[in-house]
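Asker: This is the structure, below, for whatever I ask next.
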Amino acid sequence: MRRGAASFASYGLLGMPLAMAALPVYIQVPIYYTSQLGLSLSLAGFVLFAARIVDTVQDPWIGQWVDRLARQSRLGRVLWGASVVLILAFAGLWLVPVSGLMLALWLAVALIVVYTAHSVLNIAYLAWGARLAPDTAGLTLASGWREAFGLLGVMLASTLPVWLINATGKDPQQSMAAYSVVFALLLVVGMGALLYRAPAWAHASDTPDNVSWRACLQNKKIRRLLFPYVLNALSVSIPATLALFFIADVLVEPQWSGYFLGVYFLAGAVGMPVWMALASRLGPVAAWRLGMVLAVITFVWAATLGPGDRYPYLVICVAAGLSLGADLVLPPVLLARLIPERESPAAYYGVWSLLGKLTLAMSGLALPWLAILGYQPGVTGSGGHALAWTYGGLPCLLKLLAMWRLHFLDDSTGETTP
């Protein structure tokens with residue numbers, strides 16, 4: 001491997017443990033606390049929403065803080081500290097010593113600590129990548145390595161807990177404790193690779209005064225990118241929140257959940273080089289539109305499935321997974337191209353992270369919405385149609401709206417059209 005490629009791979013490695021933490025928090029936590037620990041569906045939904053709102057509003061200030069740390073060459077120590085906090089809080093999500101009403105409080109506190117530590121690491125990580133290369137090709141390569149390792153982490157997060165549950169005698173808490181140990185080891189390795197083997201954060205100490213999050217939102221080009229980004233992110237976060245409920249209570253195939261998720265993310269990893277190549281040939285905007293078209297054409301059929309439709313759903317997982325790479329690689333590249341060269345990037349990624357997490361908070365409201373419609377986890381046939389269409393139909397509508405808003409972006413310049 002060439003030195004340049006090896007250094008980009010060292011940068012990308014941290015994406016694996018960060019994804020290993022994010023996926024269980026957004027997908028496993030709701031069903032773990034409701035089905036395993038007995039927290040009510042409505043209360044779990046509102047706790048998730050509240051914790052995500054707290055997480056969301058702090059990200060712009062975290063971005064400004066990260067910029068200041070980078071300019072003062074103090075970022076490394078803070079990243080190590082955030083890693084330790086994330087390791088401990090993530091384990092605490094699964095090793096729960098309380099019950100009853102205290103269970104909701106424990107979930108809220110643990111989520112906020114996990115979210116905060118993860119935000120510090122992720123915002124710094126994304127901003128670091130925005131300064132690894134001066135051109136679209138280099139930015140796409142950095143994003144590709146980051147998201148490729150991220151998909152590996154997602155695949156581990158999708159399959160390892162299921163394997164551990166089988167290996168530990170059907171004990172979810174014991175299996176997630178073992179998963180937390182694996183996550184901790186990989187986070188330490190990934191952080192070491194970033195700080196000691198990856199290219200340095202270019203010109204961090206030479207960057208002028210920090211950019212405030214308000215100034216980021218005043219950038220007209222950035223605003224025109226953020227709207228389709230939010231719509232598309234919401235179209236992804238709703239299925240992520242509801243996936244395990246859909247598999248268990250619409251398909252009635254809970255034992256296949258690890259395979260479904262693994263196939264979906266494996267297809268995403270396989271398709272990623274294709275989207276990188278298409279971005280180089282057609283431009284990232286056109287390539288992203290193609291990814292959205294593929295996702296809508298395939299995923300809308302999920303709303304029509306029912307008990308036992310495991311093989312049609314596997315086909316959907318493959319086809320929709322192939323489109324995933326476009327959503328992962330291309331939006332951060334578009335943002336990086338629009339950040340002024342002499343401005344600190346972390347503030348922009350703080351706003352970016354805020355909006356992404358806001359969509360996750362909004363997706364958490366799907367749980368109390370489904371409860372209103374009569375859906376009850378584990379009860380086959382209760383609100384099944386509402387769950388199926390919320391899971392499969394609504395995201396496709398949102399993605400179509402996002403695709404329409406992308407016509408304001410110009411691929412030839414990387415800027416926006418009037």
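By order of appearance in the structure tokens: chains A, B, ..., then residues from 1 within every chain, and ligands from 1 in the order shown.
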Which polymer residues have any atom within 8 Å of an atom of stretch 107-116 of chain A, counting only C-alpha atoms, with same-chain residues fewer than 2 positions away left out, as a list of chain:residue names?
Answerer: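 Using only C-alpha atoms, the neighbours found are A:Val25, A:Val47, A:Leu48, A:Ala50, A:Ala51, A:Arg52, A:Val54, A:Asp55, A:Val85, A:Leu86, A:Ala89, A:Phe90, A:Gly92, A:Leu93, A:Leu103, A:Ala104, A:Leu105, A:His118, A:Ser119, A:Val120.
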Asker: Please produce a file of the residues just selected, as a tab-separated table (two decimals), in the first residue's frame, where the atoms kept are N, CA, C and O atoms.
Answerer:
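result35.tsv was written with the following content:
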```tsv
chain	number	residue	atom	x	y	z
A	25	VAL	N	-26.98	2.39	19.75
A	25	VAL	CA	-27.68	3.44	20.47
A	25	VAL	C	-28.97	3.80	19.75
A	25	VAL	O	-30.02	4.02	20.37
A	47	VAL	N	-38.25	9.78	26.06
A	47	VAL	CA	-36.89	9.86	26.61
A	47	VAL	C	-35.87	9.96	25.47
A	47	VAL	O	-34.93	10.78	25.52
A	48	LEU	N	-36.04	9.13	24.45
A	48	LEU	CA	-35.15	9.20	23.29
A	48	LEU	C	-35.21	10.57	22.64
A	48	LEU	O	-34.18	11.16	22.29
A	50	ALA	N	-36.12	13.50	24.02
A	50	ALA	CA	-35.55	14.52	24.89
A	50	ALA	C	-34.02	14.45	24.92
A	50	ALA	O	-33.32	15.47	24.85
A	51	ALA	N	-33.49	13.22	25.04
A	51	ALA	CA	-32.03	13.07	25.09
A	51	ALA	C	-31.39	13.51	23.78
A	51	ALA	O	-30.32	14.13	23.76
A	52	ARG	N	-32.04	13.20	22.66
A	52	ARG	CA	-31.49	13.59	21.37
A	52	ARG	C	-31.58	15.10	21.16
A	52	ARG	O	-30.71	15.69	20.50
A	54	VAL	N	-31.27	17.33	23.62
A	54	VAL	CA	-30.13	17.84	24.39
A	54	VAL	C	-28.84	17.65	23.60
A	54	VAL	O	-28.00	18.56	23.51
A	55	ASP	N	-28.68	16.48	23.04
A	55	ASP	CA	-27.50	16.19	22.23
A	55	ASP	C	-27.40	17.12	21.03
A	55	ASP	O	-26.33	17.60	20.68
A	85	VAL	N	-14.63	8.45	28.45
A	85	VAL	CA	-16.00	8.71	28.87
A	85	VAL	C	-16.98	7.90	28.03
A	85	VAL	O	-17.94	7.31	28.56
A	86	LEU	N	-16.76	7.87	26.73
A	86	LEU	CA	-17.66	7.13	25.85
A	86	LEU	C	-17.64	5.64	26.17
A	86	LEU	O	-18.69	4.98	26.19
A	89	ALA	N	-19.66	5.15	29.50
A	89	ALA	CA	-21.09	5.44	29.38
A	89	ALA	C	-21.78	4.44	28.47
A	89	ALA	O	-22.95	4.05	28.71
A	90	PHE	N	-21.11	4.00	27.43
A	90	PHE	CA	-21.70	3.02	26.52
A	90	PHE	C	-21.96	1.71	27.25
A	90	PHE	O	-23.02	1.10	27.09
A	92	GLY	N	-22.52	1.45	30.38
A	92	GLY	CA	-23.60	1.72	31.32
A	92	GLY	C	-24.98	1.65	30.70
A	92	GLY	O	-25.98	1.41	31.40
A	93	LEU	N	-25.09	1.87	29.39
A	93	LEU	CA	-26.38	1.75	28.72
A	93	LEU	C	-26.95	0.35	28.84
A	93	LEU	O	-28.17	0.16	28.90
A	103	LEU	N	-35.61	3.56	35.66
A	103	LEU	CA	-35.09	3.05	34.40
A	103	LEU	C	-35.09	4.16	33.34
A	103	LEU	O	-34.12	4.29	32.57
A	104	ALA	N	-36.15	4.95	33.29
A	104	ALA	CA	-36.21	6.05	32.33
A	104	ALA	C	-35.15	7.09	32.62
A	104	ALA	O	-34.51	7.62	31.70
A	105	LEU	N	-34.91	7.41	33.91
A	105	LEU	CA	-33.89	8.38	34.28
A	105	LEU	C	-32.50	7.87	33.91
A	105	LEU	O	-31.66	8.62	33.40
A	118	HIS	N	-19.59	11.11	22.20
A	118	HIS	CA	-19.55	10.72	20.79
A	118	HIS	C	-19.52	11.96	19.90
A	118	HIS	O	-18.83	11.98	18.87
A	119	SER	N	-20.23	13.01	20.27
A	119	SER	CA	-20.25	14.24	19.47
A	119	SER	C	-18.88	14.88	19.42
A	119	SER	O	-18.44	15.35	18.36
A	120	VAL	N	-18.20	14.94	20.54
A	120	VAL	CA	-16.85	15.52	20.55
A	120	VAL	C	-15.94	14.76	19.59
A	120	VAL	O	-15.22	15.36	18.77
```
Asker: For A:Leu39, work out the shell of residues within 10 Å, counting only C-alpha atoms and skipping chain neighbours fewer than 6 positions away, then give it as number ranges by chain.
Answerer: A: 30-33, 45, 99-101, 103-104, 107
Asker: Write out as a PyMOL selection string each polymer residue whose atoms come within 7 Å of stretch 186-192 of chain A, counting only C-alpha atoms; drop sequence neighbours fewer than 4 positions from it.
Answerer: chain A and resi 13-14+17+182+196
Asker: With distances taken over only C-alpha atoms, which residue among A:Leu225, A:Ala91, A:Leu354, A:Leu234 lies nearest A:Pro332?
Answerer: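 Residue with the minimum atom-to-atom distance to A:Pro332: A:Leu225.
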Asker: Which parts of stretch 99-295 of chain A does DSSP call helix (DSSP H, G or I) when run on the backbone here, written out as a ChimeraX atom specification?
Answerer: /A:101-130,136-167,172-196,213-218,220-249,254-282,284-295
Asker: Identify which of the residues A:Leu151, A:Ala240, A:Ala137, A:Ile62 lies closest to A:Leu121, counting only C-alpha atoms when measuring atom-to-atom distances.
Answerer: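 When distances to A:Leu121 are compared using only C-alpha atoms, the smallest one comes from A:Ile62.
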Asker: Considering only C-alpha atoms, return as a PyMOL selection string whatever protein or nucleic-acid residues lie within 10 Å of A:Trp61, sequence-local ones (same chain, fewer than 4 positions apart) excluded.
Answerer: chain A and resi 57+65-67+212-213+346-347+350-351
Asker: Take the residues just selected and output them with N, CA and C atoms as an mmCIF file, in the first residue's frame.
Answerer:
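Output file part_2.cif is given in full below:
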```cif
data_model
loop_
_atom_site.group_PDB
_atom_site.id
_atom_site.type_symbol
_atom_site.label_atom_id
_atom_site.label_comp_id
_atom_site.auth_asym_id
_atom_site.auth_seq_id
_atom_site.Cartn_x
_atom_site.Cartn_y
_atom_site.Cartn_z
ATOM 1 N N VAL A 57 -28.672 20.261 20.464
ATOM 2 C CA VAL A 57 -28.438 21.695 20.632
ATOM 3 C C VAL A 57 -26.999 22.003 21.038
ATOM 4 N N TRP A 65 -15.700 24.748 20.010
ATOM 5 C CA TRP A 65 -14.705 24.354 21.010
ATOM 6 C C TRP A 65 -13.618 23.504 20.370
ATOM 7 N N VAL A 66 -14.006 22.560 19.507
ATOM 8 C CA VAL A 66 -13.029 21.710 18.821
ATOM 9 C C VAL A 66 -12.105 22.551 17.947
ATOM 10 N N ASP A 67 -12.647 23.533 17.235
ATOM 11 C CA ASP A 67 -11.807 24.426 16.442
ATOM 12 C C ASP A 67 -10.764 25.120 17.307
ATOM 13 N N SER A 212 -18.448 31.200 14.054
ATOM 14 C CA SER A 212 -19.564 30.846 14.916
ATOM 15 C C SER A 212 -20.577 30.034 14.121
ATOM 16 N N TRP A 213 -21.419 29.304 14.851
ATOM 17 C CA TRP A 213 -22.433 28.513 14.153
ATOM 18 C C TRP A 213 -23.448 29.422 13.464
ATOM 19 N N ALA A 346 -14.656 22.811 11.929
ATOM 20 C CA ALA A 346 -15.408 22.085 12.951
ATOM 21 C C ALA A 346 -16.737 22.753 13.278
ATOM 22 N N ALA A 347 -16.792 24.089 13.207
ATOM 23 C CA ALA A 347 -18.065 24.768 13.473
ATOM 24 C C ALA A 347 -19.111 24.361 12.448
ATOM 25 N N GLY A 350 -20.266 21.023 13.323
ATOM 26 C CA GLY A 350 -21.140 21.078 14.477
ATOM 27 C C GLY A 350 -22.587 21.315 14.068
ATOM 28 N N VAL A 351 -22.783 22.259 13.131
ATOM 29 C CA VAL A 351 -24.129 22.501 12.604
ATOM 30 C C VAL A 351 -24.622 21.278 11.847
#
```
Asker: Quick check, in Å to one decimal: how far apart do atom CA of A:Val296 and atom CA of A:Cys396 lie?
Answerer: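 Atom-to-atom, atom CA of A:Val296 to atom CA of A:Cys396, that is 5.2 Å.
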Asker: Show which residues sit within 10 Å of stretch 141-148 of chain A, as JSON, numbers by chain. Count only C-alpha atoms, and ignore same-chain residues fewer than 2 positions away.
Answerer: {"A": [5, 7, 8, 9, 10, 11, 12, 13, 14, 15, 16, 19, 125, 126, 128, 129, 130, 131, 132, 133, 136, 137, 138, 139, 150, 151, 152, 153, 154, 268, 269, 270, 272, 273, 275, 276, 325, 328, 329, 330, 331, 332, 333]}
Asker: With C-alpha atoms retained, export the selected residues as a compact mmCIF listing (two decimals), in the first residue's frame.
Answerer:
```
# COMPACT_ATOMS: atom_id res chain seq x y z
CA ALA A 5 -3.23 5.43 0.96
CA SER A 7 -2.26 7.43 5.95
CA PHE A 8 -5.81 7.86 4.65
CA ALA A 9 -6.63 4.36 5.94
CA SER A 10 -5.21 5.35 9.35
CA TYR A 11 -7.56 8.31 9.32
CA GLY A 12 -10.52 6.14 8.33
CA LEU A 13 -10.01 3.47 11.01
CA LEU A 14 -11.69 5.48 13.77
CA GLY A 15 -14.92 5.35 11.75
CA MET A 16 -15.34 1.69 12.74
CA ALA A 19 -20.17 3.42 14.06
CA TYR A 125 -13.16 13.50 13.21
CA LEU A 126 -15.30 14.94 10.41
CA TRP A 128 -10.19 16.61 10.46
CA GLY A 129 -11.23 14.88 7.25
CA ALA A 130 -12.32 18.17 5.67
CA ARG A 131 -8.70 19.37 5.83
CA LEU A 132 -6.92 16.23 4.59
CA ALA A 133 -6.96 17.21 0.91
CA THR A 136 -12.74 16.87 -4.46
CA ALA A 137 -10.85 13.68 -5.34
CA GLY A 138 -8.84 13.76 -2.11
CA LEU A 139 -11.88 14.67 -0.01
CA GLY A 150 -17.80 2.94 9.36
CA LEU A 151 -19.71 0.31 7.43
CA LEU A 152 -17.44 -2.38 8.84
CA GLY A 153 -18.33 -1.08 12.27
CA VAL A 154 -22.01 -1.10 11.41
CA GLY A 268 -23.52 -0.66 1.30
CA ALA A 269 -19.82 -1.50 1.57
CA VAL A 270 -19.84 -3.25 -1.82
CA MET A 272 -19.38 2.39 -1.99
CA PRO A 273 -16.59 2.22 -4.63
CA TRP A 275 -20.57 5.80 -5.82
CA MET A 276 -17.03 7.15 -5.44
CA GLY A 325 -22.90 4.45 0.07
CA LEU A 328 -22.66 8.16 3.49
CA VAL A 329 -19.84 9.39 1.25
CA LEU A 330 -21.21 12.24 -0.84
CA PRO A 331 -22.97 14.73 1.51
CA PRO A 332 -19.83 15.35 3.66
CA VAL A 333 -17.81 15.90 0.45
```
Asker: For atom CA of A:Leu367 and atom CA of A:Met155, quote the distance in Å rounded to one decimal.
Answerer: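 About the pair atom CA of A:Leu367 and atom CA of A:Met155: they are 24.7 Å apart.
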